[in-house]
$ cat final04.txt   # compact mmCIF, C-alpha atoms and all ligand atoms
# COMPACT_ATOMS: atom_id res chain seq x y z
CA MET A 265 -61.58 41.49 -102.32
CA ARG A 266 -64.79 42.86 -103.81
CA LEU A 267 -66.46 45.20 -101.34
CA ALA A 268 -69.45 47.51 -101.31
CA MET A 269 -69.47 50.32 -98.76
CA LEU A 270 -72.89 51.32 -97.49
CA GLY A 271 -73.96 53.91 -94.96
CA PRO A 272 -75.62 57.30 -94.68
CA PRO A 273 -74.16 60.40 -96.33
CA GLY A 274 -71.14 61.59 -94.38
CA ALA A 275 -70.58 58.24 -92.64
CA GLY A 276 -67.02 58.08 -93.96
CA LYS A 277 -67.51 55.68 -96.88
CA GLY A 278 -65.23 57.64 -99.21
CA THR A 279 -62.57 58.15 -96.55
CA GLN A 280 -62.45 54.48 -95.57
CA ALA A 281 -62.78 53.21 -99.15
CA ARG A 282 -59.84 55.35 -100.24
CA LEU A 283 -57.62 54.11 -97.39
CA LEU A 284 -58.40 50.46 -97.95
CA ALA A 285 -58.14 50.74 -101.73
CA GLN A 286 -54.65 52.22 -101.39
CA GLU A 287 -53.58 49.45 -99.01
CA LEU A 288 -54.97 46.67 -101.18
CA ASN A 289 -53.96 48.35 -104.43
CA ILE A 290 -57.41 47.98 -105.94
CA PRO A 291 -59.62 50.77 -107.30
CA GLN A 292 -62.12 52.74 -105.24
CA ILE A 293 -65.20 53.20 -107.38
CA SER A 294 -67.42 56.01 -106.14
CA THR A 295 -70.64 56.53 -108.07
CA GLY A 296 -70.98 59.97 -106.47
CA ASP A 297 -67.51 61.01 -107.74
CA LEU A 298 -68.19 59.55 -111.18
CA LEU A 299 -71.54 61.33 -111.47
CA ARG A 300 -70.10 64.64 -110.24
CA ASP A 301 -67.32 64.32 -112.79
CA ALA A 302 -69.85 63.59 -115.57
CA ALA A 303 -71.92 66.59 -114.46
CA ARG A 304 -68.83 68.82 -114.59
CA ARG A 305 -68.07 67.64 -118.10
CA HIS A 306 -71.72 68.21 -119.16
CA THR A 307 -72.08 64.73 -120.64
CA ALA A 308 -75.64 63.53 -121.27
CA THR A 309 -75.42 61.27 -118.20
CA GLY A 310 -73.96 64.07 -116.09
CA THR A 311 -76.59 66.57 -117.12
CA GLU A 312 -79.36 64.13 -116.27
CA ALA A 313 -77.73 63.13 -112.97
CA ARG A 314 -77.29 66.73 -111.87
CA ARG A 315 -81.07 67.26 -111.85
CA TYR A 316 -81.39 64.64 -109.10
CA MET A 317 -78.15 65.27 -107.22
CA GLU A 318 -78.76 68.97 -106.68
CA ARG A 319 -82.05 68.12 -104.96
CA GLY A 320 -80.57 65.36 -102.84
CA LEU A 321 -82.46 62.63 -104.69
CA LEU A 322 -81.01 59.33 -105.78
CA VAL A 323 -80.43 59.16 -109.52
CA PRO A 324 -82.49 56.46 -111.30
CA ASP A 325 -81.14 52.93 -110.82
CA GLU A 326 -80.47 52.52 -114.51
CA LEU A 327 -78.26 55.62 -114.56
CA ALA A 328 -76.29 54.58 -111.46
CA LEU A 329 -75.83 51.09 -112.86
CA ARG A 330 -74.69 52.34 -116.26
CA THR A 331 -72.10 54.50 -114.50
CA VAL A 332 -70.70 51.54 -112.57
CA VAL A 333 -70.72 49.20 -115.56
CA GLU A 334 -68.77 51.73 -117.64
CA ARG A 335 -66.19 52.21 -114.86
CA MET A 336 -65.81 48.47 -114.27
CA GLY A 337 -65.15 48.10 -117.97
CA GLU A 338 -61.89 50.01 -117.61
CA GLY A 339 -60.21 46.77 -116.60
CA ASP A 340 -58.41 47.68 -113.36
CA ALA A 341 -61.18 46.12 -111.25
CA VAL A 342 -60.40 42.54 -112.26
CA ARG A 343 -58.31 41.91 -109.11
CA GLY A 344 -60.94 43.47 -106.86
CA PHE A 345 -62.60 46.79 -106.08
CA ILE A 346 -64.23 48.86 -103.39
CA LEU A 347 -67.57 50.29 -104.38
CA ASP A 348 -68.29 53.49 -102.51
CA GLY A 349 -71.93 54.58 -102.49
CA PHE A 350 -73.15 51.77 -104.71
CA PRO A 351 -75.48 49.92 -104.47
CA ARG A 352 -78.00 52.18 -102.76
CA THR A 353 -81.17 50.26 -103.61
CA ARG A 354 -82.10 46.59 -103.67
CA ALA A 355 -82.56 46.77 -107.45
CA GLN A 356 -78.98 48.04 -107.80
CA ALA A 357 -77.72 45.20 -105.59
CA VAL A 358 -79.50 42.61 -107.73
CA ALA A 359 -78.14 44.18 -110.93
CA LEU A 360 -74.62 44.24 -109.46
CA ASP A 361 -74.82 40.55 -108.59
CA GLU A 362 -76.02 39.74 -112.09
CA MET A 363 -73.21 41.74 -113.62
CA LEU A 364 -70.58 40.02 -111.45
CA ALA A 365 -72.09 36.58 -112.01
CA SER A 366 -71.77 37.04 -115.77
CA THR A 367 -67.98 36.86 -115.29
CA GLY A 368 -68.06 34.23 -112.53
CA GLN A 369 -67.55 36.70 -109.68
CA LYS A 370 -69.46 37.70 -106.60
CA LEU A 371 -69.33 40.38 -103.94
CA SER A 372 -67.14 39.42 -100.94
CA ARG A 373 -68.77 41.69 -98.38
CA ALA A 374 -71.13 44.62 -97.98
CA VAL A 375 -69.77 46.87 -95.23
CA VAL A 376 -72.10 49.36 -93.59
CA LEU A 377 -70.67 52.25 -91.59
CA GLU A 378 -73.06 53.18 -88.80
CA ILE A 379 -73.01 56.67 -87.31
CA GLY A 380 -75.46 58.90 -85.45
CA ASP A 381 -77.34 61.84 -87.03
CA GLU A 382 -75.50 64.45 -84.97
CA GLU A 383 -72.14 63.17 -86.16
CA ILE A 384 -73.40 63.08 -89.76
CA VAL A 385 -74.25 66.76 -89.66
CA LYS A 386 -70.85 67.65 -88.17
CA ARG A 387 -68.98 65.61 -90.75
CA ILE A 388 -70.89 66.87 -93.76
CA SER A 389 -70.81 70.52 -92.79
CA GLY A 390 -66.99 70.43 -92.53
CA ARG A 391 -66.30 68.28 -95.60
CA ARG A 392 -63.82 69.76 -98.08
CA VAL A 393 -62.77 67.97 -101.26
CA CYS A 394 -59.85 68.56 -103.62
CA ARG A 395 -61.09 69.50 -107.08
CA ASN A 396 -57.97 68.02 -108.63
CA CYS A 397 -57.22 64.68 -106.90
CA GLY A 398 -60.38 64.05 -104.87
CA ALA A 399 -58.57 63.96 -101.50
CA MET A 400 -60.95 64.48 -98.58
CA TYR A 401 -60.49 66.83 -95.65
CA HIS A 402 -62.55 68.07 -92.76
CA ALA A 403 -62.38 71.69 -91.63
CA ILE A 404 -62.13 70.60 -87.97
CA PHE A 405 -61.39 66.85 -87.77
CA ASP A 406 -58.77 66.71 -90.52
CA PRO A 407 -57.89 70.26 -91.58
CA PRO A 408 -55.59 70.84 -94.56
CA ARG A 409 -52.41 72.87 -93.92
CA ASN A 410 -53.88 75.70 -96.01
CA ALA A 411 -57.68 76.03 -95.75
CA GLU A 412 -58.03 76.42 -99.51
CA LEU A 413 -55.40 74.05 -100.90
CA CYS A 414 -54.88 70.29 -100.99
CA ASN A 415 -51.88 69.02 -98.98
CA GLN A 416 -51.15 66.39 -101.61
CA CYS A 417 -51.41 68.22 -104.94
CA ASN A 418 -52.04 71.90 -104.14
CA GLY A 419 -55.41 71.60 -105.91
CA GLU A 420 -58.30 73.86 -104.93
CA LEU A 421 -60.48 72.63 -102.05
CA TYR A 422 -64.22 73.09 -102.36
CA GLN A 423 -67.42 72.38 -100.47
CA ARG A 424 -69.84 70.12 -102.35
CA GLU A 425 -72.97 71.89 -103.62
CA ASP A 426 -75.17 69.20 -102.10
CA ASP A 427 -73.57 69.55 -98.65
CA ASN A 428 -76.15 72.14 -97.56
CA GLU A 429 -78.79 71.72 -94.87
CA ASP A 430 -81.86 71.17 -97.08
CA THR A 431 -80.17 68.77 -99.47
CA VAL A 432 -78.60 66.79 -96.64
CA ARG A 433 -82.02 66.37 -95.04
CA MET A 434 -83.36 64.99 -98.32
CA ARG A 435 -80.34 62.68 -98.76
CA LEU A 436 -80.90 61.27 -95.27
CA GLU A 437 -84.58 60.69 -96.10
CA GLN A 438 -83.63 58.91 -99.31
CA TYR A 439 -81.19 56.74 -97.39
CA ALA A 440 -83.72 55.83 -94.72
CA GLY A 441 -86.30 54.98 -97.35
CA LYS A 442 -84.11 52.55 -99.30
CA ILE A 443 -81.70 51.00 -96.87
CA LYS A 444 -83.82 48.33 -95.13
CA PRO A 445 -84.46 46.12 -98.18
CA LEU A 446 -80.79 46.50 -99.13
CA PHE A 447 -79.62 45.36 -95.68
CA GLN A 448 -82.06 42.48 -95.80
CA TYR A 449 -80.76 41.43 -99.21
CA TYR A 450 -77.15 41.22 -97.99
CA GLU A 451 -78.10 39.75 -94.62
CA GLU A 452 -79.85 36.90 -96.40
CA LYS A 453 -76.69 36.31 -98.42
CA GLY A 454 -74.68 36.34 -95.16
CA ILE A 455 -72.22 39.00 -96.34
CA LEU A 456 -73.34 42.12 -94.43
CA ILE A 457 -70.84 43.53 -91.91
CA ARG A 458 -71.88 46.38 -89.62
CA ILE A 459 -69.07 48.65 -88.45
CA ASP A 460 -69.23 51.37 -85.84
CA GLY A 461 -68.24 54.41 -87.92
CA SER A 462 -67.77 56.78 -84.98
CA GLY A 463 -64.42 57.98 -83.66
CA PRO A 464 -61.18 58.82 -85.47
CA VAL A 465 -60.53 57.63 -89.03
CA GLY A 466 -57.75 55.24 -87.91
CA ASP A 467 -60.02 53.56 -85.35
CA VAL A 468 -62.75 52.96 -87.92
CA HIS A 469 -60.16 51.62 -90.36
CA ARG A 470 -58.85 49.14 -87.77
CA ARG A 471 -62.39 48.00 -86.97
CA MET A 472 -62.94 47.38 -90.65
CA LEU A 473 -59.71 45.42 -91.07
CA ASP A 474 -60.50 43.29 -88.00
CA ALA A 475 -64.00 42.55 -89.23
CA LEU A 476 -62.77 41.69 -92.73
CA LYS A 477 -59.96 39.48 -91.38
CA GLY A 478 -62.39 37.85 -89.01
CA GLY A 479 -64.44 36.32 -91.76
CA ALA A 480 -64.14 38.00 -95.11
CA LYS A 481 -63.67 35.11 -97.42
CA PRO A 482 -62.50 36.00 -100.91
CA ALA A 483 -65.44 35.65 -103.25
P1 LIG A 501 -69.24 59.64 -97.22
O1 LIG A 501 -68.39 59.17 -98.37
O2 LIG A 501 -69.85 58.51 -96.46
O3 LIG A 501 -70.27 60.64 -97.63
P2 LIG A 501 -66.80 60.99 -96.38
O4 LIG A 501 -65.77 59.93 -96.39
O5 LIG A 501 -66.82 61.96 -97.51
O6 LIG A 501 -68.28 60.36 -96.18
O7 LIG A 501 -66.65 61.79 -94.99
C1 LIG A 501 -67.43 62.94 -94.71
C2 LIG A 501 -66.56 63.98 -93.99
O8 LIG A 501 -66.23 63.49 -92.70
C3 LIG A 501 -65.24 64.30 -94.68
O9 LIG A 501 -64.95 65.66 -94.50
C4 LIG A 501 -64.21 63.43 -93.94
O10 LIG A 501 -62.92 64.05 -93.94
C5 LIG A 501 -64.80 63.38 -92.55
N1 LIG A 501 -64.57 62.10 -91.87
C6 LIG A 501 -64.61 60.85 -92.41
N2 LIG A 501 -64.38 59.91 -91.48
C7 LIG A 501 -64.21 60.59 -90.30
C8 LIG A 501 -63.95 60.20 -88.94
N3 LIG A 501 -63.82 58.90 -88.60
N4 LIG A 501 -63.84 61.17 -88.01
C9 LIG A 501 -63.99 62.47 -88.34
N5 LIG A 501 -64.23 62.90 -89.58
C10 LIG A 501 -64.34 61.98 -90.56
P1 LIG A 502 -72.26 60.60 -102.70
O1 LIG A 502 -71.07 61.23 -103.35
O2 LIG A 502 -72.09 59.12 -102.50
O3 LIG A 502 -72.68 61.31 -101.44
O4 LIG A 502 -73.47 60.75 -103.73
C1 LIG A 502 -73.90 62.04 -104.15
C2 LIG A 502 -75.20 61.91 -104.95
O5 LIG A 502 -74.97 61.14 -106.14
C3 LIG A 502 -76.36 61.22 -104.24
O6 LIG A 502 -77.09 62.11 -103.41
C4 LIG A 502 -77.19 60.76 -105.45
O7 LIG A 502 -77.90 61.83 -106.03
C5 LIG A 502 -76.10 60.35 -106.46
N1 LIG A 502 -75.71 58.92 -106.31
C6 LIG A 502 -74.49 58.44 -106.00
N2 LIG A 502 -74.49 57.09 -106.00
C7 LIG A 502 -75.76 56.71 -106.31
C8 LIG A 502 -76.40 55.46 -106.44
N3 LIG A 502 -75.74 54.30 -106.25
N4 LIG A 502 -77.72 55.44 -106.75
C9 LIG A 502 -78.40 56.59 -106.94
N5 LIG A 502 -77.86 57.81 -106.81
C10 LIG A 502 -76.54 57.88 -106.50
$ encode --input "final04.txt" --output "structure tokens"
Amino acid sequence: MRLAMLGPPGAGKGTQARLLAQELNIPQISTGDLLRDAARRHTATGTEARRYMERGLLVPDELALRTVVERMGEGDAVRGFILDGFPRTRAQAVALDEMLASTGQKLSRAVVLEIGDEEIVKRISGRRVCRNCGAMYHAIFDPPRNAELCNQCNGELYQREDDNEDTVRMRLEQYAGKIKPLFQYYEEKGILIRIDGSGPVGDVHRRMLDALKGGAKPA
């Protein structure tokens, strides 16, 4: 299975990608996580990416693509993968297809999680992430046992720098500005699945599994 998860910030892409990736034993590849990690390590890519991320802007296509290509090169994605937050523009989708085609592969499905603006704000404002293992929590919907520590590895939980009101507004604008051509691209290919992303995590997961079983043909 080779999936791309689309949807607005806070829709639950990371949460659902992580669950499914664990079940299918394939990697979850999050460009956001990779870029944040590069920024933390002060690599050239990370330093450039940070300038966009802290303002809520998309990083340039070339930078996002380079990040994915490098990660894919690690070899564990040969049996499949779940892309989380990539592609975000039509140009990225075209580049992804070209990259996959060069090794005789193609994307199985593009899954979009749909959720309302009010829910987005609630989810983002409560998001907490483990600095050590990347596990995701929500202060209200999925609180950790200790507000500051990860249940799984005891790592420190933090609130993302870009999860503030102004940046979120910009990220939503960026999403709205780019998403239509991307949807159209995958609709034309017949691989776009729209999932209702509202309600508890388990419900969304089941909806995804049903939709994928109902017609996801291995690419
Ligand atoms: P995205 O990757 O799309 O930005 P996340 O997966 O990081 O979204 O989810 C954003 C926040 O919402 C996290 O704190 C997560 O724990 C929480 N969350 C995700 N899915 C749900 C859900 N179905 N119900 C309630 N909270 C959720
Ligand atoms: P995310 O973790 O998916 O919410 O992404 C956080 C930020 O990383 C975004 O606001 C962008 O600045 C950047 N980013 C992540 N993925 C991409 C992408 N595919 N294209 C451009 N920018 C991206």
$ atom_distance --input "final04.txt" --atom1 "atom CA of A:Arg266" --atom2 "atom CA of A:Arg373"
6.8 Å
$ closest_residue --input "final04.txt" --among "A:Asp406, A:Glu362, A:Asp301, A:Glu452" --to "A:Thr279" --atoms "all atoms listed in the file"
A:Asp406
$ residues_near_point --input "final04.txt" --point "(-60.4, 52.3, -105.5)" --cutoff "9 Å" --atoms "all atoms listed in the file" --output "list in words"
Ala281, Arg282, Leu283, Leu284, Ala285, Gln286, Leu288, Asn289, Ile290, Pro291, Gln292, Ile293, Ser294, Ala341, Gly344, Phe345, Ile346, Leu347 and Asp348 of chain A
$ closest_atom_pairs --input "final04.txt" --of "chain A" --to "ligand LIG 501 (chain A)" --cutoff "8 Å" --atoms "only C-alpha atoms and all ligand atoms" --output "Markdown table"
| residue | atom | partner | partner_atom | distance |
| --- | --- | --- | --- | --- |
| A:Leu270 | CA | A:LIG501 | O2 | 7.9 |
| A:Gly271 | CA | A:LIG501 | O2 | 6.3 |
| A:Pro272 | CA | A:LIG501 | O2 | 6.2 |
| A:Pro273 | CA | A:LIG501 | O3 | 4.1 |
| A:Gly274 | CA | A:LIG501 | O3 | 3.5 |
| A:Ala275 | CA | A:LIG501 | O2 | 3.9 |
| A:Gly276 | CA | A:LIG501 | O4 | 3.3 |
| A:Lys277 | CA | A:LIG501 | O2 | 3.7 |
| A:Gly278 | CA | A:LIG501 | O1 | 3.6 |
| A:Thr279 | CA | A:LIG501 | O4 | 3.7 |
| A:Gln280 | CA | A:LIG501 | O4 | 6.4 |
| A:Ala281 | CA | A:LIG501 | O4 | 7.9 |
| A:Asp348 | CA | A:LIG501 | O1 | 7.0 |
| A:Gly349 | CA | A:LIG501 | O1 | 7.1 |
| A:Leu377 | CA | A:LIG501 | O2 | 8.0 |
| A:Ile384 | CA | A:LIG501 | C1 | 7.8 |
| A:Lys386 | CA | A:LIG501 | O8 | 7.7 |
| A:Arg387 | CA | A:LIG501 | O8 | 4.0 |
| A:Ile388 | CA | A:LIG501 | C2 | 5.2 |
| A:Ser389 | CA | A:LIG501 | O9 | 7.8 |
| A:Gly390 | CA | A:LIG501 | O9 | 5.5 |
| A:Arg391 | CA | A:LIG501 | O9 | 3.1 |
| A:Arg392 | CA | A:LIG501 | O9 | 5.6 |
| A:Val393 | CA | A:LIG501 | O9 | 7.5 |
| A:Met400 | CA | A:LIG501 | O10 | 5.1 |
| A:Tyr401 | CA | A:LIG501 | O10 | 4.1 |
| A:His402 | CA | A:LIG501 | O9 | 3.8 |
| A:Ala403 | CA | A:LIG501 | O9 | 7.2 |
| A:Phe405 | CA | A:LIG501 | C9 | 5.1 |
| A:Asp406 | CA | A:LIG501 | O10 | 6.0 |
| A:Gly461 | CA | A:LIG501 | N3 | 6.3 |
| A:Ser462 | CA | A:LIG501 | N3 | 5.8 |
| A:Gly463 | CA | A:LIG501 | N3 | 5.1 |
| A:Pro464 | CA | A:LIG501 | N3 | 4.1 |
| A:Val465 | CA | A:LIG501 | N3 | 3.6 |
| A:Gly466 | CA | A:LIG501 | N3 | 7.1 |
| A:Asp467 | CA | A:LIG501 | N3 | 7.3 |
| A:Val468 | CA | A:LIG501 | N3 | 6.1 |
$ write_last_selection --input "final04.txt" --atoms "C-alpha atoms" --output "compact mmCIF listing (two decimals), in the frame of the given file"
# COMPACT_ATOMS: atom_id res chain seq x y z
CA LEU A 270 -72.89 51.32 -97.49
CA GLY A 271 -73.96 53.91 -94.96
CA PRO A 272 -75.62 57.30 -94.68
CA PRO A 273 -74.16 60.40 -96.33
CA GLY A 274 -71.14 61.59 -94.38
CA ALA A 275 -70.58 58.24 -92.64
CA GLY A 276 -67.02 58.08 -93.96
CA LYS A 277 -67.51 55.68 -96.88
CA GLY A 278 -65.23 57.64 -99.21
CA THR A 279 -62.57 58.15 -96.55
CA GLN A 280 -62.45 54.48 -95.57
CA ALA A 281 -62.78 53.21 -99.15
CA ASP A 348 -68.29 53.49 -102.51
CA GLY A 349 -71.93 54.58 -102.49
CA LEU A 377 -70.67 52.25 -91.59
CA ILE A 384 -73.40 63.08 -89.76
CA LYS A 386 -70.85 67.65 -88.17
CA ARG A 387 -68.98 65.61 -90.75
CA ILE A 388 -70.89 66.87 -93.76
CA SER A 389 -70.81 70.52 -92.79
CA GLY A 390 -66.99 70.43 -92.53
CA ARG A 391 -66.30 68.28 -95.60
CA ARG A 392 -63.82 69.76 -98.08
CA VAL A 393 -62.77 67.97 -101.26
CA MET A 400 -60.95 64.48 -98.58
CA TYR A 401 -60.49 66.83 -95.65
CA HIS A 402 -62.55 68.07 -92.76
CA ALA A 403 -62.38 71.69 -91.63
CA PHE A 405 -61.39 66.85 -87.77
CA ASP A 406 -58.77 66.71 -90.52
CA GLY A 461 -68.24 54.41 -87.92
CA SER A 462 -67.77 56.78 -84.98
CA GLY A 463 -64.42 57.98 -83.66
CA PRO A 464 -61.18 58.82 -85.47
CA VAL A 465 -60.53 57.63 -89.03
CA GLY A 466 -57.75 55.24 -87.91
CA ASP A 467 -60.02 53.56 -85.35
CA VAL A 468 -62.75 52.96 -87.92
$ residues_near_ligand --input "final04.txt" --ligand "ligand LIG 502 (chain A)" --cutoff "7 Å" --atoms "all atoms listed in the file" --output "tab-separated table (two decimals) with C-alpha atoms, in the frame of the given file"
chain	number	residue	atom	x	y	z
A	273	PRO	CA	-74.16	60.40	-96.33
A	294	SER	CA	-67.42	56.01	-106.14
A	295	THR	CA	-70.64	56.53	-108.07
A	296	GLY	CA	-70.98	59.97	-106.47
A	297	ASP	CA	-67.51	61.01	-107.74
A	299	LEU	CA	-71.54	61.33	-111.47
A	316	TYR	CA	-81.39	64.64	-109.10
A	317	MET	CA	-78.15	65.27	-107.22
A	320	GLY	CA	-80.57	65.36	-102.84
A	321	LEU	CA	-82.46	62.63	-104.69
A	322	LEU	CA	-81.01	59.33	-105.78
A	323	VAL	CA	-80.43	59.16	-109.52
A	324	PRO	CA	-82.49	56.46	-111.30
A	325	ASP	CA	-81.14	52.93	-110.82
A	328	ALA	CA	-76.29	54.58	-111.46
A	348	ASP	CA	-68.29	53.49	-102.51
A	349	GLY	CA	-71.93	54.58	-102.49
A	350	PHE	CA	-73.15	51.77	-104.71
A	351	PRO	CA	-75.48	49.92	-104.47
A	352	ARG	CA	-78.00	52.18	-102.76
A	353	THR	CA	-81.17	50.26	-103.61
A	435	ARG	CA	-80.34	62.68	-98.76
$ closest_residue --input "final04.txt" --among "A:Gly441, A:Gly337, A:Gly398, A:Gly380" --to "A:Leu364" --atoms "only C-alpha atoms"
A:Gly337
$ atom_distance --input "final04.txt" --atom1 "atom CA of A:Leu360" --atom2 "atom CA of A:Val333"
8.8 Å
$ residues_around --input "final04.txt" --residues "A:Glu425" --least-positions-apart "4" --cutoff "10 Å" --atoms "all atoms listed in the file" --output "list of chain:residue names"
A:Met317, A:Glu318, A:Arg319, A:Thr431
$ atom_distance --input "final04.txt" --atom1 "atom CA of A:Cys394" --atom2 "atom CA of A:Tyr422"
6.4 Å
$ closest_residue --input "final04.txt" --among "A:Pro407, A:Gly339, A:Thr307, A:Ile455" --to "A:Lys370" --atoms "only C-alpha atoms"
A:Ile455
$ closest_residue --input "final04.txt" --among "A:Glu334, A:Asp361, A:Asp340, A:Asp426" --to "A:Arg300" --atoms "all atoms listed in the file"
A:Asp426
$ closest_residue --input "final04.txt" --among "A:Ser372, A:Thr331, A:Gln423, A:Gln448" --to "A:Ala411" --atoms "only C-alpha atoms"
A:Gln423
$ residues_near_point --input "final04.txt" --point "(-72.7, 47.3, -94.5)" --cutoff "8 Å" --atoms "all atoms listed in the file" --output "PyMOL selection string"
chain A and resi 268-271+373-377+447+456-459
$ closest_residue --input "final04.txt" --among "A:Gly310, A:Gly368, A:Gly419, A:Pro445" --to "A:Ala355" --atoms "only C-alpha atoms"
A:Pro445
$ decode --input "final04.txt" --residues "stretch 346-366 of chain A" --atoms "N, CA and C atoms" --output "mmCIF file, in the first residue's frame"
data_model
loop_
_atom_site.group_PDB
_atom_site.id
_atom_site.type_symbol
_atom_site.label_atom_id
_atom_site.label_comp_id
_atom_site.auth_asym_id
_atom_site.auth_seq_id
_atom_site.Cartn_x
_atom_site.Cartn_y
_atom_site.Cartn_z
ATOM 1 N N ILE A 346 3.264 5.364 4.070
ATOM 2 C CA ILE A 346 2.162 6.321 4.217
ATOM 3 C C ILE A 346 2.773 7.708 4.302
ATOM 4 N N LEU A 347 2.540 8.500 3.306
ATOM 5 C CA LEU A 347 3.037 9.876 3.297
ATOM 6 C C LEU A 347 2.057 10.728 4.078
ATOM 7 N N ASP A 348 2.597 11.511 4.999
ATOM 8 C CA ASP A 348 1.744 12.306 5.881
ATOM 9 C C ASP A 348 2.120 13.775 5.670
ATOM 10 N N GLY A 349 1.239 14.512 5.000
ATOM 11 C CA GLY A 349 1.531 15.924 4.742
ATOM 12 C C GLY A 349 2.327 16.164 3.472
ATOM 13 N N PHE A 350 2.384 15.176 2.626
ATOM 14 C CA PHE A 350 3.027 15.303 1.323
ATOM 15 C C PHE A 350 2.261 14.424 0.338
ATOM 16 N N PRO A 351 1.944 14.862 -0.851
ATOM 17 C CA PRO A 351 2.181 16.187 -1.400
ATOM 18 C C PRO A 351 1.173 17.219 -0.885
ATOM 19 N N ARG A 352 1.556 18.479 -1.012
ATOM 20 C CA ARG A 352 0.667 19.574 -0.614
ATOM 21 C C ARG A 352 0.392 20.503 -1.770
ATOM 22 N N THR A 353 1.050 20.291 -2.894
ATOM 23 C CA THR A 353 0.780 21.090 -4.097
ATOM 24 C C THR A 353 0.715 20.130 -5.287
ATOM 25 N N ARG A 354 0.128 20.624 -6.369
ATOM 26 C CA ARG A 354 0.043 19.785 -7.565
ATOM 27 C C ARG A 354 1.441 19.444 -8.071
ATOM 28 N N ALA A 355 2.342 20.436 -8.028
ATOM 29 C CA ALA A 355 3.713 20.198 -8.512
ATOM 30 C C ALA A 355 4.376 19.079 -7.708
ATOM 31 N N GLN A 356 4.114 19.038 -6.407
ATOM 32 C CA GLN A 356 4.688 17.958 -5.582
ATOM 33 C C GLN A 356 4.093 16.611 -5.980
ATOM 34 N N ALA A 357 2.787 16.605 -6.289
ATOM 35 C CA ALA A 357 2.129 15.351 -6.682
ATOM 36 C C ALA A 357 2.717 14.822 -7.985
ATOM 37 N N VAL A 358 2.961 15.727 -8.923
ATOM 38 C CA VAL A 358 3.530 15.321 -10.214
ATOM 39 C C VAL A 358 4.941 14.767 -9.987
ATOM 40 N N ALA A 359 5.727 15.471 -9.166
ATOM 41 C CA ALA A 359 7.101 15.029 -8.899
ATOM 42 C C ALA A 359 7.105 13.669 -8.197
ATOM 43 N N LEU A 360 6.140 13.470 -7.277
ATOM 44 C CA LEU A 360 6.058 12.183 -6.578
ATOM 45 C C LEU A 360 5.766 11.066 -7.583
ATOM 46 N N ASP A 361 4.811 11.294 -8.462
ATOM 47 C CA ASP A 361 4.481 10.282 -9.470
ATOM 48 C C ASP A 361 5.694 9.950 -10.333
ATOM 49 N N GLU A 362 6.434 10.989 -10.702
ATOM 50 C CA GLU A 362 7.613 10.754 -11.545
ATOM 51 C C GLU A 362 8.654 9.928 -10.793
ATOM 52 N N MET A 363 8.811 10.273 -9.509
ATOM 53 C CA MET A 363 9.798 9.539 -8.716
ATOM 54 C C MET A 363 9.391 8.064 -8.596
ATOM 55 N N LEU A 364 8.099 7.818 -8.316
ATOM 56 C CA LEU A 364 7.637 6.434 -8.163
ATOM 57 C C LEU A 364 7.728 5.687 -9.496
ATOM 58 N N ALA A 365 7.357 6.372 -10.569
ATOM 59 C CA ALA A 365 7.361 5.726 -11.894
ATOM 60 C C ALA A 365 8.774 5.276 -12.284
ATOM 61 N N SER A 366 9.784 6.003 -11.790
ATOM 62 C CA SER A 366 11.158 5.655 -12.172
ATOM 63 C C SER A 366 11.557 4.284 -11.615
#
